[in-house]
Amino acid sequence: MAAPFKDASKLDAGKNFIIPAPPTFSDPLEHRAFLKFRLAQAYRIFGKYGYDEGVAGHITVRDPIRPDCYWVNPWGIHFKLIQPEDLLLVDHGGKIQENESGPSRFLNRAAYMIHSAVHEARPDAICAAHSHTTYAKAFGALGVPLDPLTQDSCAFYENHTLYSQFRGIVDDREEGLAIANALGSKKAVILQNHGILVATKSIESAVFFFISLERCCKVQMVVDQAAAARGLKPRLIDPVDAASTQESIGSEIGGWFNGIPEFQLLEHEEGKRFEYVPAP
């Protein structure tokens with residue numbers, strides 16, 4: 001049986017779509033515990049989809065108690081193994097917070113450089129996800145943005161950007177700032193010759209839009225190849241219709257709701273759901 005939503009409250013998502021509302025928390029410690037639990041789940045979902053590449057890739061979530069800090073995975077532990085107690089709390093200066101962090105204190109410098117810049121530049125971004133996934137890398141090497149080819153790709157219509165530089169491993173603040181600047185106010189950026197990055201207001205929406213963007217990269221390459229083989233040009237969705245579709249499925253709440261089933265399935269497979277036990 002699928003896990004029930006936290007409460008029975010509902011939300012009008014527009015265009016006559018009524019969906020469950022995201023959970024809210026009156027206790028900041030419970031909120032922190034939930035975000036850590038969700039973030040660890042997000043890593044395991046990425047691991048399930050093969051979004052790991054050695055020790056590369058990272059997902060971060062802003063801490064609700066200390067918004068100048070974010071939670072991130074310890075460097076060198078496989079995504080499928082990440083648990084809430086493993087996570088590191090890091091400030092925007094890259095300092096690991098000793099009292100809150102897990103036992104493995106290895107921090108990916110690239111994660112710090114990219115995510116610190118994104119979280120500083122985007123106070124609205126609660127979660128940011130980046131990895132070197134197969135189709136994102138392949139499509140990113142073309143140096144072009146996504147076209148509005150399908151309903152799903154419309155979620156990113158005029159809501160993603162292209163960072164058309166590659167200067168090697170991100171090991172300095174300037175490159176992290178350049179990526180954050182390229183992202184701007186959008187929810188995603190295609191990093192040429194590198195991968196993709198998604199930044200949203202929830203872990204669930206970040207996971208969903210990351211998965212969707214990876215798939216859209218694959219679809220566009222398949223469409224381009226099929227069109228070229230037939231001597232055709234892909235049929236793009238009309239800009240007005242693409243924009244209208246983006247407002248629905250590309251919205252933050254749309255991303256959150258679409259992401260929920262990934263977490264439901266993981267909880268079913270693992271038999272593990274969030275339970276908050278206050279500290280004595």
# chains A, B, ... in the order shown; residues from 1 in each chain; ligands from 1
call {"tool": "residues_around", "arguments": {"residues": "Glu175 in chain A", "least_positions_apart": "2", "cutoff": "10 Å", "atoms": "only C-alpha atoms", "output": "count of residues only"}}
result
18
call {"tool": "residues_around", "arguments": {"residues": "range 150-152 of chain A", "least_positions_apart": "4", "cutoff": "12 Å", "atoms": "only C-alpha atoms", "output": "ChimeraX atom specification"}}
result
/A:146,156-157,208-209,211-220,223,234-238,241-250,254-255,258
call {"tool": "select_by_dssp", "arguments": {"residues": "range 51-276 of chain A", "states": "helix (DSSP H, G or I)", "output": "count of residues only"}}
result
99
call {"tool": "closest_residue", "arguments": {"among": "A:Val55, A:Phe106, A:Gly47, A:Ser116", "to": "Cys69 in chain A", "atoms": "only C-alpha atoms"}}
result
A:Ser116
call {"tool": "residues_around", "arguments": {"residues": "Pro123 in chain A", "least_positions_apart": "6", "cutoff": "10 Å", "atoms": "only C-alpha atoms", "output": "list in words"}}
result
Arg62, Pro67, Asp68 and Lys201 of chain A
call {"tool": "select_by_dssp", "arguments": {"residues": "range 20-269 of chain A", "states": "strand (DSSP E or B)", "output": "PyMOL selection string"}}
result
chain A and resi 20+53+56+58-62+69-72+88-91+96+127-131+160-163+188-191+195-200
call {"tool": "atom_distance", "arguments": {"atom1": "CA of Ile77 in chain A", "atom2": "CA of Lys137 in chain A"}}
result
22.4 Å
call {"tool": "closest_residue", "arguments": {"among": "A:Leu39, A:Val240, A:Ile253, A:Ala128", "to": "Glu85 in chain A", "atoms": "only C-alpha atoms"}}
result
A:Leu39
call {"tool": "closest_residue", "arguments": {"among": "A:Pro22, A:Pro28, A:Gly50, A:Pro239", "to": "Asp147 in chain A", "atoms": "only C-alpha atoms"}}
result
A:Pro239
call {"tool": "residues_around", "arguments": {"residues": "Val277 in chain A", "least_positions_apart": "5", "cutoff": "12 Å", "atoms": "only C-alpha atoms", "output": "ChimeraX atom specification"}}
result
/A:27,29-31,33-34
call {"tool": "write_last_selection", "arguments": {"atoms": "all heavy atoms", "output": "PDB file, in the first residue's frame"}}
result
ATOM      1  N   ASP A  27       7.484  22.337  14.033  1.00  0.00           N
ATOM      2  CA  ASP A  27       8.713  22.086  14.781  1.00  0.00           C
ATOM      3  C   ASP A  27       9.890  22.105  13.808  1.00  0.00           C
ATOM      4  O   ASP A  27       9.991  21.240  12.929  1.00  0.00           O
ATOM      5  CB  ASP A  27       8.627  20.727  15.473  1.00  0.00           C
ATOM      6  CG  ASP A  27       9.873  20.402  16.302  1.00  0.00           C
ATOM      7  OD1 ASP A  27      10.873  21.130  16.196  1.00  0.00           O
ATOM      8  OD2 ASP A  27       9.829  19.399  17.046  1.00  0.00           O
ATOM      9  N   LEU A  29      12.933  21.288  14.190  1.00  0.00           N
ATOM     10  CA  LEU A  29      13.763  20.089  14.292  1.00  0.00           C
ATOM     11  C   LEU A  29      13.143  18.925  13.520  1.00  0.00           C
ATOM     12  O   LEU A  29      13.851  18.133  12.894  1.00  0.00           O
ATOM     13  CB  LEU A  29      13.980  19.711  15.757  1.00  0.00           C
ATOM     14  CG  LEU A  29      14.881  20.654  16.555  1.00  0.00           C
ATOM     15  CD1 LEU A  29      14.915  20.238  18.023  1.00  0.00           C
ATOM     16  CD2 LEU A  29      16.298  20.681  15.978  1.00  0.00           C
ATOM     17  N   GLU A  30      11.815  18.822  13.575  1.00  0.00           N
ATOM     18  CA  GLU A  30      11.141  17.795  12.782  1.00  0.00           C
ATOM     19  C   GLU A  30      11.303  18.088  11.294  1.00  0.00           C
ATOM     20  O   GLU A  30      11.516  17.178  10.481  1.00  0.00           O
ATOM     21  CB  GLU A  30       9.660  17.710  13.137  1.00  0.00           C
ATOM     22  CG  GLU A  30       8.928  16.616  12.362  1.00  0.00           C
ATOM     23  CD  GLU A  30       7.443  16.558  12.673  1.00  0.00           C
ATOM     24  OE1 GLU A  30       6.929  17.474  13.358  1.00  0.00           O
ATOM     25  OE2 GLU A  30       6.792  15.592  12.216  1.00  0.00           O
ATOM     26  N   HIS A  31      11.200  19.366  10.934  1.00  0.00           N
ATOM     27  CA  HIS A  31      11.380  19.762   9.540  1.00  0.00           C
ATOM     28  C   HIS A  31      12.782  19.379   9.056  1.00  0.00           C
ATOM     29  O   HIS A  31      12.949  18.815   7.970  1.00  0.00           O
ATOM     30  CB  HIS A  31      11.162  21.278   9.402  1.00  0.00           C
ATOM     31  CG  HIS A  31      11.072  21.739   7.986  1.00  0.00           C
ATOM     32  ND1 HIS A  31      11.049  23.081   7.648  1.00  0.00           N
ATOM     33  CD2 HIS A  31      11.021  21.051   6.810  1.00  0.00           C
ATOM     34  CE1 HIS A  31      10.976  23.177   6.331  1.00  0.00           C
ATOM     35  NE2 HIS A  31      10.957  21.975   5.805  1.00  0.00           N
ATOM     36  N   ALA A  33      14.718  17.038  10.271  1.00  0.00           N
ATOM     37  CA  ALA A  33      14.804  15.581  10.199  1.00  0.00           C
ATOM     38  C   ALA A  33      14.132  15.047   8.941  1.00  0.00           C
ATOM     39  O   ALA A  33      14.636  14.119   8.292  1.00  0.00           O
ATOM     40  CB  ALA A  33      14.180  14.957  11.444  1.00  0.00           C
ATOM     41  N   PHE A  34      12.991  15.643   8.595  1.00  0.00           N
ATOM     42  CA  PHE A  34      12.283  15.210   7.385  1.00  0.00           C
ATOM     43  C   PHE A  34      13.104  15.502   6.140  1.00  0.00           C
ATOM     44  O   PHE A  34      13.212  14.648   5.241  1.00  0.00           O
ATOM     45  CB  PHE A  34      10.926  15.902   7.281  1.00  0.00           C
ATOM     46  CG  PHE A  34      10.184  15.583   6.014  1.00  0.00           C
ATOM     47  CD1 PHE A  34       9.526  14.367   5.868  1.00  0.00           C
ATOM     48  CD2 PHE A  34      10.151  16.488   4.962  1.00  0.00           C
ATOM     49  CE1 PHE A  34       8.851  14.059   4.686  1.00  0.00           C
ATOM     50  CE2 PHE A  34       9.478  16.191   3.788  1.00  0.00           C
ATOM     51  CZ  PHE A  34       8.823  14.977   3.650  1.00  0.00           C
TER      52      PHE A  34
END
